[in-house]
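Data block below; observations after.
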Amino acid sequence: MTDLVMDLNADLGEGYGRWILTDDDALLSVVTSANVACGFHAGDPGIMRRVCDTAAGRGVRIGAQVSYRDLAGFGRRAMEVPADELADEITYQIGALEVFARAAGAQVAYVKPHGALYNKVVVDDEQAAAVAAGTRRADPALPVLCLPGSAMERAARQAGLDVVGEAFADRAYTAAGTLVPRGTSGALIADPHQVTGQAVALARDGVTTALTGERVTVRARSLCLHGDSPDAVATALRVRAALEDAGVRLEAFA
């Protein structure tokens with residue numbers, strides 16, 4: 001039997017000041033990789049430090065969750081940023097998180113775009129190349145976590161970066177293998193049984209069913225759960241248990 005291995009990641013550290021959004025402590029007991037907000041869409045210095053300390057103590061890999069500079073919109077508003085400026089901002093965010101990761105006895109192990117930037121670099125070659133350039137300048141050994149078959153995947157490979165394919169347990173897919181845009185009915189999967197079912201199908205068989213009914217192939221090494229979703233911790237626990245029951249070994253990719 002083929003050894004089935006999957007990384008389980010979540011977006012963490014997504015508070016700011018007195019605003020607390022994700023249950024970082026609880027989720028860091030479930031996931032194998034943590035996408036830590038770097039201050040541009042969420043995550044102040046104290047939050048970054050605390051998440052890095054806890055992640056390092058539990059053996060969870062730390063990833064830089066880079067974003068457009070958009071605190072007010074939580075990084076989910078489409079923006080037009082010049083490529084050279086975006087590359088600088090990617091490098092800056094990785095560097096900010098790296099300081100806290102090293103202080104915790106760990107290091108930034110990978111990079112993942114967030115929100116509107118994640119969606120933009122699925123299709124936009126210029127923006128994807130800027131993310132790749134900013135990442136390479138920070139550390140050419142950093143892999144990029146992104147949607148399989150995306151412009152980001154191509155740009156990262158062209159920049160000499162490793163690429164890790166990512167799938168989503170709690171998001172609906174289009175027939176083309178992209179994520180159904182937020183705001184579309186059915187884009188976010190709320191039914192816990194559907195979430196766990198999609199997680200197992202993606203990890204075990206590399207497939208899921210599009211919102212419109214088509215069978216979609218998604219080859220991924222990491223599975224994402226959104227830490228800001230309702231009942232995120234309970235859902236993450238169910239997904240982890242379902243994956244283990246299906247014979248999937250959970251292990252960080254980095």
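Ligands are numbered from 1 in the order shown, chains are lettered A, B, ... in the order of the structure tokens, and residues start at 1 in each chain.
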
According to DSSP computed on the backbone, where in segment 41-216 of chain A is there alpha helix (DSSP H)? Give the residues as an MDAnalysis selection string. chainID A and resid 45:58 83:103 115:123 125:138 151:158 192:205

Write out as a PyMOL selection string the residues lying within 9 Å of Gly15 of chain A, counting only C-alpha atoms and excluding same-chain residues fewer than 3 positions away. chain A and resi 12+18-22+37+42-44+47

Surrounding residues of Arg76 of chain A excluding itself and chain neighbours under 2 positions, 6 Å, only C-alpha atoms, as a list in words: Gly73, Phe74, Gly115 and Ala116 of chain A

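In this comparison, which uses only C-alpha atoms, the residue of A:Ser29, A:Asp70, A:Ala172, A:Cys52 approaching Arg102 of chain A most closely is A:Cys52.
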
Please report the interatomic distance between atom CA of Glu80 of chain A and atom CA of Leu211 of chain A in Å with one decimal.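 Taking atom CA of Glu80 of chain A as the start and atom CA of Leu211 of chain A as the end point, the length is 28.9 Å.
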
For Arg58 of chain A: contacts at 12 Å, only C-alpha atoms, fewer than 6 positions along chain excluded, given as a PDB file with all heavy atoms, in the first residue's frame:
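So the final result, stored in selection29.pdb, reads:
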ATOM      1  N   ASP A  25      -3.543  28.854  20.050  1.00  0.00           N
ATOM      2  CA  ASP A  25      -3.037  27.812  20.942  1.00  0.00           C
ATOM      3  C   ASP A  25      -3.685  26.471  20.642  1.00  0.00           C
ATOM      4  O   ASP A  25      -3.002  25.449  20.552  1.00  0.00           O
ATOM      5  CB  ASP A  25      -3.275  28.208  22.398  1.00  0.00           C
ATOM      6  CG  ASP A  25      -2.628  27.231  23.362  1.00  0.00           C
ATOM      7  OD1 ASP A  25      -1.379  27.208  23.430  1.00  0.00           O
ATOM      8  OD2 ASP A  25      -3.363  26.470  24.035  1.00  0.00           O
ATOM      9  N   ALA A  26      -4.994  26.459  20.484  1.00  0.00           N
ATOM     10  CA  ALA A  26      -5.696  25.196  20.222  1.00  0.00           C
ATOM     11  C   ALA A  26      -5.330  24.627  18.855  1.00  0.00           C
ATOM     12  O   ALA A  26      -5.075  23.426  18.715  1.00  0.00           O
ATOM     13  CB  ALA A  26      -7.201  25.409  20.325  1.00  0.00           C
ATOM     14  N   LEU A  27      -5.282  25.473  17.838  1.00  0.00           N
ATOM     15  CA  LEU A  27      -4.989  24.979  16.495  1.00  0.00           C
ATOM     16  C   LEU A  27      -3.556  24.477  16.370  1.00  0.00           C
ATOM     17  O   LEU A  27      -3.275  23.563  15.593  1.00  0.00           O
ATOM     18  CB  LEU A  27      -5.255  26.077  15.462  1.00  0.00           C
ATOM     19  CG  LEU A  27      -6.741  26.338  15.183  1.00  0.00           C
ATOM     20  CD1 LEU A  27      -6.926  27.639  14.404  1.00  0.00           C
ATOM     21  CD2 LEU A  27      -7.356  25.171  14.408  1.00  0.00           C
ATOM     22  N   LEU A  28      -2.651  25.047  17.152  1.00  0.00           N
ATOM     23  CA  LEU A  28      -1.258  24.583  17.107  1.00  0.00           C
ATOM     24  C   LEU A  28      -1.075  23.214  17.746  1.00  0.00           C
ATOM     25  O   LEU A  28       0.009  22.640  17.677  1.00  0.00           O
ATOM     26  CB  LEU A  28      -0.335  25.614  17.768  1.00  0.00           C
ATOM     27  CG  LEU A  28      -0.051  26.856  16.911  1.00  0.00           C
ATOM     28  CD1 LEU A  28       0.601  27.952  17.735  1.00  0.00           C
ATOM     29  CD2 LEU A  28       0.830  26.488  15.714  1.00  0.00           C
ATOM     30  N   SER A  29      -2.132  22.693  18.336  1.00  0.00           N
ATOM     31  CA  SER A  29      -2.098  21.311  18.822  1.00  0.00           C
ATOM     32  C   SER A  29      -2.645  20.334  17.782  1.00  0.00           C
ATOM     33  O   SER A  29      -2.639  19.125  18.012  1.00  0.00           O
ATOM     34  CB  SER A  29      -2.928  21.186  20.115  1.00  0.00           C
ATOM     35  OG  SER A  29      -2.348  21.932  21.154  1.00  0.00           O
ATOM     36  N   VAL A  30      -3.113  20.865  16.656  1.00  0.00           N
ATOM     37  CA  VAL A  30      -3.741  20.032  15.629  1.00  0.00           C
ATOM     38  C   VAL A  30      -2.937  20.011  14.336  1.00  0.00           C
ATOM     39  O   VAL A  30      -2.723  18.972  13.729  1.00  0.00           O
ATOM     40  CB  VAL A  30      -5.178  20.525  15.336  1.00  0.00           C
ATOM     41  CG1 VAL A  30      -5.847  19.626  14.297  1.00  0.00           C
ATOM     42  CG2 VAL A  30      -6.006  20.580  16.603  1.00  0.00           C
ATOM     43  N   VAL A  31      -2.492  21.190  13.887  1.00  0.00           N
ATOM     44  CA  VAL A  31      -1.854  21.306  12.577  1.00  0.00           C
ATOM     45  C   VAL A  31      -0.379  20.922  12.633  1.00  0.00           C
ATOM     46  O   VAL A  31       0.221  20.823  13.703  1.00  0.00           O
ATOM     47  CB  VAL A  31      -2.005  22.736  12.013  1.00  0.00           C
ATOM     48  CG1 VAL A  31      -3.475  23.095  11.855  1.00  0.00           C
ATOM     49  CG2 VAL A  31      -1.290  23.752  12.909  1.00  0.00           C
ATOM     50  N   THR A  32       0.198  20.712  11.457  1.00  0.00           N
ATOM     51  CA  THR A  32       1.634  20.439  11.357  1.00  0.00           C
ATOM     52  C   THR A  32       2.407  21.642  10.807  1.00  0.00           C
ATOM     53  O   THR A  32       3.620  21.707  10.943  1.00  0.00           O
ATOM     54  CB  THR A  32       1.892  19.204  10.466  1.00  0.00           C
ATOM     55  OG1 THR A  32       1.179  19.351   9.230  1.00  0.00           O
ATOM     56  CG2 THR A  32       1.401  17.936  11.150  1.00  0.00           C
ATOM     57  N   SER A  33       1.681  22.587  10.185  1.00  0.00           N
ATOM     58  CA  SER A  33       2.303  23.811   9.681  1.00  0.00           C
ATOM     59  C   SER A  33       1.396  24.994   9.982  1.00  0.00           C
ATOM     60  O   SER A  33       0.171  24.886   9.887  1.00  0.00           O
ATOM     61  CB  SER A  33       2.541  23.735   8.164  1.00  0.00           C
ATOM     62  OG  SER A  33       3.479  22.724   7.838  1.00  0.00           O
ATOM     63  N   ALA A  34       2.013  26.135  10.350  1.00  0.00           N
ATOM     64  CA  ALA A  34       1.264  27.337  10.718  1.00  0.00           C
ATOM     65  C   ALA A  34       1.597  28.465   9.763  1.00  0.00           C
ATOM     66  O   ALA A  34       2.757  28.878   9.667  1.00  0.00           O
ATOM     67  CB  ALA A  34       1.594  27.746  12.150  1.00  0.00           C
ATOM     68  N   VAL A  51       2.918  33.264  18.649  1.00  0.00           N
ATOM     69  CA  VAL A  51       2.643  32.134  17.767  1.00  0.00           C
ATOM     70  C   VAL A  51       3.928  31.384  17.440  1.00  0.00           C
ATOM     71  O   VAL A  51       3.968  30.150  17.444  1.00  0.00           O
ATOM     72  CB  VAL A  51       1.931  32.590  16.480  1.00  0.00           C
ATOM     73  CG1 VAL A  51       1.797  31.428  15.501  1.00  0.00           C
ATOM     74  CG2 VAL A  51       0.551  33.150  16.805  1.00  0.00           C
ATOM     75  N   CYS A  52       5.003  32.121  17.169  1.00  0.00           N
ATOM     76  CA  CYS A  52       6.289  31.465  16.878  1.00  0.00           C
ATOM     77  C   CYS A  52       6.792  30.674  18.075  1.00  0.00           C
ATOM     78  O   CYS A  52       7.288  29.548  17.926  1.00  0.00           O
ATOM     79  CB  CYS A  52       7.320  32.500  16.444  1.00  0.00           C
ATOM     80  SG  CYS A  52       7.082  33.142  14.772  1.00  0.00           S
ATOM     81  N   ALA A 104      12.648  32.120  18.712  1.00  0.00           N
ATOM     82  CA  ALA A 104      11.965  30.967  19.304  1.00  0.00           C
ATOM     83  C   ALA A 104      12.730  29.669  19.087  1.00  0.00           C
ATOM     84  O   ALA A 104      12.277  28.599  19.517  1.00  0.00           O
ATOM     85  CB  ALA A 104      10.565  30.839  18.716  1.00  0.00           C
ATOM     86  N   GLY A 105      13.874  29.757  18.416  1.00  0.00           N
ATOM     87  CA  GLY A 105      14.668  28.561  18.156  1.00  0.00           C
ATOM     88  C   GLY A 105      14.265  27.817  16.899  1.00  0.00           C
ATOM     89  O   GLY A 105      14.600  26.644  16.726  1.00  0.00           O
ATOM     90  N   ALA A 106      13.542  28.495  16.002  1.00  0.00           N
ATOM     91  CA  ALA A 106      13.096  27.884  14.757  1.00  0.00           C
ATOM     92  C   ALA A 106      13.468  28.802  13.597  1.00  0.00           C
ATOM     93  O   ALA A 106      14.372  29.634  13.726  1.00  0.00           O
ATOM     94  CB  ALA A 106      11.584  27.641  14.795  1.00  0.00           C
TER      95      ALA A 106
END

If we count only C-alpha atoms and set the cut-off at 7 Å, which residues sit around Ala130 of chain A, ignoring sequence neighbours fewer than 2 positions away in its own chain? Please answer as a PyMOL selection string. chain A and resi 83-84+86-87+126-128+132-134
